Each structure stands twice: as structure tokens, then as C-alpha cells.
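What follows is a short report on a single structure.
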There are 2 protein chains.
Amino acid sequence: MSARIAAVTITPLAFADPPLLNADGVHERHVLRGLVELHVETADGRTVTGLGECTGHAWQLDYLELLAPQLVGLSVFDRGALQRIVTEELSGSGDGDGGWRRWSDRPDSTDSRGPAPMPAKEFDQQRAFSVLEVALLDAQGRVLGVPMVDLLGGAVRERVPFSAYLFYKWGEHPALDGEPGLADDWGPALDPAGIVEQARRMVDRYGFGSLKLKGGVFEPGAEIEAIAALRRAFPELPLRLDPNAAWSVPTAIDAAHRLEGMLEYLEDPAPGIEGMAAVARETSLPLATNMVVVSAGHIAPAVAAGAISVILGDHHYWGGMRGSLDLSAVARALDWNMSMHSNSHLGVSLAAMTAVVAAMPSLGHACDTHYPWNEADDIVRDPTRFENGTLAVDDRPGLGVELDRTAVDRLHQTYLELHREHRNDGAYRARVEPGFDTGLPRW
Amino acid sequence: MSARIAAVTITPLAFADPPLLNADGVHERHVLRGLVELHVETADGRTVTGLGECTGHAWQLDYLELLAPQLVGLSVFDRGALQRIVTEELSGSGDGDGGWRRWSDRPDSTDSRGPAPMPAKEFDQQRAFSVLEVALLDAQGRVLGVPMVDLLGGAVRERVPFSAYLFYKWGEHPALDGEPGLADDWGPALDPAGIVEQARRMVDRYGFGSLKLKGGVFEPGAEIEAIAALRRAFPELPLRLDPNAAWSVPTAIDAAHRLEGMLEYLEDPAPGIEGMAAVARETSLPLATNMVVVSAGHIAPAVAAGAISVILGDHHYWGGMRGSLDLSAVARALDWNMSMHSNSHLGVSLAAMTAVVAAMPSLGHACDTHYPWNEADDIVRDPTRFENGTLAVDDRPGLGVELDRTAVDRLHQTYLELHREHRNDGAYRARVEPGFDTGLPRW
């Protein structure tokens, strides 16, 4: 069955986000996101569209725009050629179109939200391959009439478990630049009682069977109190805390000792592989990461240092869906437990994560997802619903999801009106709290 | 596309083999082999057959016979369920049929030819899953009309490189038990000149671009002389030597020093992970293995010990085709180079190895194959031909190969007439050379 890419569409999107606090600052009013559509024609005259969803920062979208024309004619079965095209482009001459020149100017430092151990450009490249791989495999599944989980090796579970993703948050986006304040349905959560209330609502609405708190917002003692409050309120549920490397090594060691017995794992307490290893040597708590091991090249150093025992996968940057299963194989071999990382996302990414995990033999912990914070703006029709904190594995061809064109157009219009190119949680918070210092570690 | 297994056929085969010498003894007159056929029916009334080829020792075949009835009704897309069936059977009650009882009596010690670090039963189980996985994926490809390499993620190379597999050998199988001696076309190879002549013929006929010598037959100095002779005769070709753990650690260290600069890698010079690590610490030669790392559980210990830098995959025991790609992902993460192991085999196994490697991003060395020693007895029609030591990637659905029924029937008849259940290279050699001691390490 010959099936080739006839055209590629990259659509920038923006959707509403509550003021969720993290170590970098606070979520802005809108998340920037990208929708990739691979328009495919089969030898027997059918057309299908493969979907992928990715981060929407300008350099990422520019790089995808640069790659798009080179994908025309590619067989949907030729993941190897996709890898070659993306890799070769990074070392390209730069004499292409405007997108290429803009991406060529990408600073080689890491994003404020990016991973420490690799240049931002390489990470953009890894993410570009990943979203295109998802869309390519989606197209494969739709061409063949095979659900994604079967393309990935077959289901090893019937439902995929997710955890509640709890955030300290403001009650509203503050009034700024003449824009009025914007409250949301969830209300504020700035102390242990607020976090417990948020958790209660998450569990009641979605049935989540485990709870993750995004930390790095208040001094460690306050966040440990919040974990203790969750422990008392939900004695049965596994808990995790993720301060996003906001703690120094000594602070992290002290906090880890106080958290022992309360967490299933502590995520990214301190910066860097060596920092994580220094904490790991002093605590019995499993340490997890999505910050210091984000690419194949980081695995051997992390093993050598003994830095982690849980790795958070993410099909957005671990080489797509097959790349995420490769990571799972590595984790199994290294005796690492596996969990899944999330950024703010919509239903295409949710479908991809669900399919990957459905085919993943070694998931040790429920997956992270921001979906409850953003589901009102979803771009897929009839999204799957959480039951007992789990999602059913989709049995429709490919990722299964169909786009809601009206929603896509609305989110694209929002993007155009925003005139924003990059996420900057720190700058946003500093505008509201002058003097806010984005430097990490903070404690 | 629903497609389910309607019936399973396990056909024991035996085919002619030359008297190839190795550390255990000498190849017997016949190789025992198994052919697995999964007969599949699709929802729209088509029938396809998925093929797999495996070792033919009696315990292995019995275990497959035990599993066969439980596979009926399985979806060809449900690799996860196949894994569960195989795993659950190992811990079964043993109240099944005769096959089960016979397999239950399988000694838990390792095979003489088996890997050191795991019980033979578990290795049988791993191999059973592997051959069934190959047949399952072959059926998937045939149902969907998709070549295997595409099911496995797409081709990353157009042709797959193989190495010449050189053996010390007798000129003929000796006369025994009233059977006359049996010479073969290749003639004897018992010294450096004989090995160089064999290599010349392999290179002339097949175009191989690298050379592997099976060692562990003569004292190390003699084998090092053979390598030096190959080095002189083929100055351009990468060389490898595989003494199959016939050397003690001190002998291996001494030999490694003498071989430095002549080999691309030295394979299994000494027994066990610790033995390999002790050699690795003393030599700059890359050490490879297919003996001490043969299952996921051996990877972490091998990493911790620093035992190897090249891992030989094999779809016959690394979890089939996808399992072999999982191993490749692990190897990439660990900075291990990848090569592929071979046992005596026919064209179904050759097609499977070729498809796996076609989709494997990180092959560092040409694949081993015994195929030239056994190709006269192949069971597939129009087998692919070596050009410049490489095979083309098959673009027909599934593995592509079609069975030659006459050949299958002939090899099955040979099996029935043999009345042999197990391979025993050591016993065979001891019958010819009374007093031959199979104990290893030998030097």
C-alpha cells in the first residue's frame, strides 16, 4: 500500500490557561501550541490526514515550516527518511526561506523551560522529529485501518492511568495593560487547604488514583506541609512532588528526608545530573526526572552517576511514539521505573500519549496530564472521557481523533490576535510581582 | 482489519550440516530446526500464514506444541496477549498434555550451548515467545500488505551487511555406526592457510566485507596466527574472533593483547560477566557477547561490571523482531555497538534478521550468518542472493518469503528418520576423538 505525503500544514494555536504557578513563574493567559497535519494520498486514490500536536514557540514552528516542503513525497512508512531529513536540516546551509533564517538565529542557549544538558536547537530538532513522527504514524494507521496501539506492538493494558496534576494557582489572571482580571472556575490554591480542595475536585471529577503537586513555588517547608495534608486527606493515593530543580542540593536532601514515606517519587528536586545524584545518594526516595535526562545522550551519564530511578517519557521529545517505546525498553533494561511527562496540551497529544502507554510494557506510575486545565478548548470532537482516572485505548484507525475545525479556527485566530512568539512564565510573574527573581535554585 | 489465528503448525525439520568445529565440539551431520506456521483468517475471508523459524531441540518444540492451542483466536495485532500467554504458561500447573509434561521435566540447568546466566526453561520461554512473535508480525504484514521493515518502523538502510562466518572444519563427517564418511564441497580447514582459503572462497562467492572466525578450537596461539594470516590476506576487511568462552581470564587477557590492532572486536573470550569485565579492564579491544547478555535482566549487571562494548542481538531470543529493536535502543543508550548473532538457520530466519536490521538505526557491525553452510537445504522459494556481502530489504508483504513445500516435507522426513532430540556437538566429537574433554575454559 503506497501512501505519500502530498502537503503539510502547520497551524499555530493559542488557548486559554489558568494562572498556574511553578518554579519559573506563572502560566500566562494563553498556551502557544502547534497543530501538524500531514495530508496523505494513497495509490488507490484515498486521502487521509495524520495529526500531531506540539509546543508553539516561534522557533519550533519556524523549524517545522522549514521542514514541511521537504516532506512532500515521503512515504508514510518511511520513518527512517523522516529522521534523515530532520537531522540533515540541522546542519543545513541556511540559504532557505525566511523561516530557516529565523531559526538559524535561534540562540544556542537552553530555554528557560528547557532541559539543562543540551542546546536548545538540538532539542527543537528532537521535538520537530517527534511531532512529525506522531503525524506520520497516525497517517499509517489511517491508511491501513489499524489503531495506533496495534501499530505500536499491541495493547498491554485496556485502560491508561493518569494522575491529577495539582498546581498552586492564583484565583485569577490579574488586570494588566487595560485588560480586566480573569477569574477561572478552579479558584485560588495557595496553601495546603487550597491544594487539598483542588485535589478533591480533581478526584471527584476524573477519578484520578494518584496525585502530583507542582512545587518549587513556596519555600520547601510549605510544600512539604501541602504533601502532608494530601497524605492525610487521601491516605490511599500515591503522591509525587515536582519542584522543577528549584532547590539546591542541601535543601533537596533535607526536604527528601522529610518527605520519605510520603511520596512514590520526588521529581527533579535539584539541578543537573550531578545534583540529582548527590540527592539520590542521601535519600531512600526514588528520584524522577524530565529535566536532566531528555535525550539518548543523557542516559549513560545518568546511569554512571546513579542520578535517577524513574524516567518520565514524553512522545513530544523522545522521538515520537516509537521513540517513547524505545525509552521504555531502555528503562526496563536499566531497572528504571517509567512515568510520563506532560506540558499544557489538547486532545491530539492526549490521544498519542494514551496510545503509547497502552503499548508500553513497563509503566510504573500513572501519567501526568494538564488536560483538565485546558479541556474546554480542545480541538478534537467527542474527546475520550476519564473514568476512574483512566482513558480507554482508542480502537479507531490511527490516533482515532477527528479535528473540530471550528475549534481549530478559533484557536488559530486567538494565536494571530495575541502577537506572542514565546512562553515566558517568569516575565509574566515579574510584571505582577516586580522584583520576582527567576533564578534557580531558589532555596 | 480483524485477523485471528485459526490454527498453528509446528514442523520439526532437520537439514545437512558440515563438520564445523567449535569450542563445544563439532557440528553433527544434521541441524535440528523448527518451522512455525500461524494460519490466520481475516474478517473479510482471506487466509494468510505467518512464518517463524527456531531451534529444534525437543524441549523447545514441546513447549511450542503446548502453547499452540492457546493461540487459536488470538488477534495478529495482539503481541501483548502473546507475551502474557507465554509467560503464564511457564508458571502453569502442568496438568496439560504430554508435551507439557515432557517440558516440565526440562532440567533447570543451562544448555551446554546455552547462555550462562539464566535457567534453560526461561530461555526456552524467551525463545518460544520470539519465534511466535516473528510469525505473528509476518502475519500482520501479510494481512495489511505491508513489508516487515515498514511494520518495524521503516527502513534505515537499503541493504543489510553480513560477514563471512569462517570455521575450522574437518574435510568430512567421519564414518560411524556403519554410515560411510561424508565429505562436503568446502573441504578441510585446520590451519591458517585453510582458513584463508575458506575466507577467499566466501568472499569470492558472496562478496562479504568482513570476516568472523569461530575460535575456541585450537590453542589460542594457533588461532591468533590464523587471524594474522587473514589480516595479511585481507588487509581491508574488519576481522573478529569468537572463542566462545573457551579461554580463562588470564589466557584471554594475554590473547587480547596479542590481537589488539587486528580485530574490530573479540567475542566472548572468557566466561561470565565478571570474566568478560576482567578482560575488558586489561585490553583496548572492544569485547562483544552473545553468551553473557542474552536477556533484559543481564544488561544492568553487564553495565555495572563494564563487561562489554558490543552486543550481538538475535531475534530468536531477544523477544522477536520488536524485541531486537528494543535491544538496539538499549544499546544506543548505553553506547554499545550492535551486531547480530547467528545459529545454523534457513531462509525464514534470514528474512527475519534482514528485516530487523533494515529497520535498526544503530548497527555497528555486519551481521553473522551461517547461511552459506546450509543454503542448499533452504525451505524458501527464490531466496534472496548476497551481493557484495549484503542482502536487499524485501518489499513484499510481511517477511516476503514463500515456503517451498517439497523442501519442507523433505526436511521433516529427514527429522523423523533421524530420531534425534537434541544437539550435542561435544558428544559427537568425543565419539570421533575419545577422551575429548568438553569442559570450558579449555586454555
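By order in the C-alpha cells, chains are A, B, ...; within a chain, residues start at 1; ligands start at 1, following the order shown.
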Strand (DSSP E) positions in range 28-259 of chain B, given as a PyMOL selection string: chain B and resi 30-42+47-55+159-161+164-167+172-173+182-183+211-214+239-242
Chain B contacts to chain A at 10 Å (only C-alpha atoms) as a ChimeraX atom specification: /B:1-2,75-84,137,140,144-147,149-157,295-301,303-304,322-323,325-335,358-361,397
Could you give me the residues within range 23-141 of chain B that DSSP places in alpha helix (DSSP H), as a ChimeraX atom specification? /B:58-71,79-90,98-104,120-141
Which value, in Å to one decimal, gives the distance between CA of Pro238 in chain A and CA of Asp185 in chain A? 26.0 Å
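The protein and nucleic acid residues lying at most 7 Å from range 380-382 of chain A are A:Gly347, A:Val401, A:Glu402, A:Leu403, A:Asp404, with only C-alpha atoms considered and sequence neighbours fewer than 3 positions away removed.
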What does the file look like for those residues with all heavy atoms, as a PDB file, in the first residue's frame?
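As a result, again.pdb now contains:
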ATOM      1  N   GLY A 347      -6.276  17.532  22.778  1.00  0.00           N
ATOM      2  CA  GLY A 347      -6.670  16.142  22.633  1.00  0.00           C
ATOM      3  C   GLY A 347      -5.845  15.295  21.678  1.00  0.00           C
ATOM      4  O   GLY A 347      -5.849  14.070  21.793  1.00  0.00           O
ATOM      5  N   VAL A 401      -8.679  10.228  16.824  1.00  0.00           N
ATOM      6  CA  VAL A 401      -9.348  11.523  16.997  1.00  0.00           C
ATOM      7  C   VAL A 401      -9.611  12.220  15.660  1.00  0.00           C
ATOM      8  O   VAL A 401      -8.844  12.084  14.716  1.00  0.00           O
ATOM      9  CB  VAL A 401      -8.521  12.459  17.910  1.00  0.00           C
ATOM     10  CG1 VAL A 401      -8.480  11.901  19.320  1.00  0.00           C
ATOM     11  CG2 VAL A 401      -7.110  12.655  17.367  1.00  0.00           C
ATOM     12  N   GLU A 402     -10.712  12.969  15.630  1.00  0.00           N
ATOM     13  CA  GLU A 402     -11.058  13.805  14.482  1.00  0.00           C
ATOM     14  C   GLU A 402     -11.049  15.255  14.924  1.00  0.00           C
ATOM     15  O   GLU A 402     -11.490  15.576  16.032  1.00  0.00           O
ATOM     16  CB  GLU A 402     -12.459  13.431  13.956  1.00  0.00           C
ATOM     17  CG  GLU A 402     -12.580  11.998  13.451  1.00  0.00           C
ATOM     18  CD  GLU A 402     -11.682  11.702  12.254  1.00  0.00           C
ATOM     19  OE1 GLU A 402     -11.392  12.644  11.473  1.00  0.00           O
ATOM     20  OE2 GLU A 402     -11.242  10.541  12.117  1.00  0.00           O
ATOM     21  N   LEU A 403     -10.564  16.138  14.071  1.00  0.00           N
ATOM     22  CA  LEU A 403     -10.486  17.550  14.432  1.00  0.00           C
ATOM     23  C   LEU A 403     -11.863  18.217  14.393  1.00  0.00           C
ATOM     24  O   LEU A 403     -12.678  17.939  13.508  1.00  0.00           O
ATOM     25  CB  LEU A 403      -9.549  18.297  13.473  1.00  0.00           C
ATOM     26  CG  LEU A 403      -8.072  17.940  13.569  1.00  0.00           C
ATOM     27  CD1 LEU A 403      -7.283  18.736  12.529  1.00  0.00           C
ATOM     28  CD2 LEU A 403      -7.516  18.208  14.966  1.00  0.00           C
ATOM     29  N   ASP A 404     -12.058  19.126  15.336  1.00  0.00           N
ATOM     30  CA  ASP A 404     -13.194  20.045  15.314  1.00  0.00           C
ATOM     31  C   ASP A 404     -12.689  21.321  14.633  1.00  0.00           C
ATOM     32  O   ASP A 404     -12.005  22.130  15.235  1.00  0.00           O
ATOM     33  CB  ASP A 404     -13.632  20.307  16.755  1.00  0.00           C
ATOM     34  CG  ASP A 404     -14.738  21.354  16.850  1.00  0.00           C
ATOM     35  OD1 ASP A 404     -14.963  22.093  15.866  1.00  0.00           O
ATOM     36  OD2 ASP A 404     -15.352  21.430  17.922  1.00  0.00           O
TER      37      ASP A 404
END
Residues near Asp377 in chain A, anyone? I mean within 10 Å using only C-alpha atoms, not counting same-chain ones fewer than 6 positions away, as JSON, numbers by chain. {"A": [14, 15, 16, 17, 345, 346, 347, 371, 407, 408, 410, 411]}
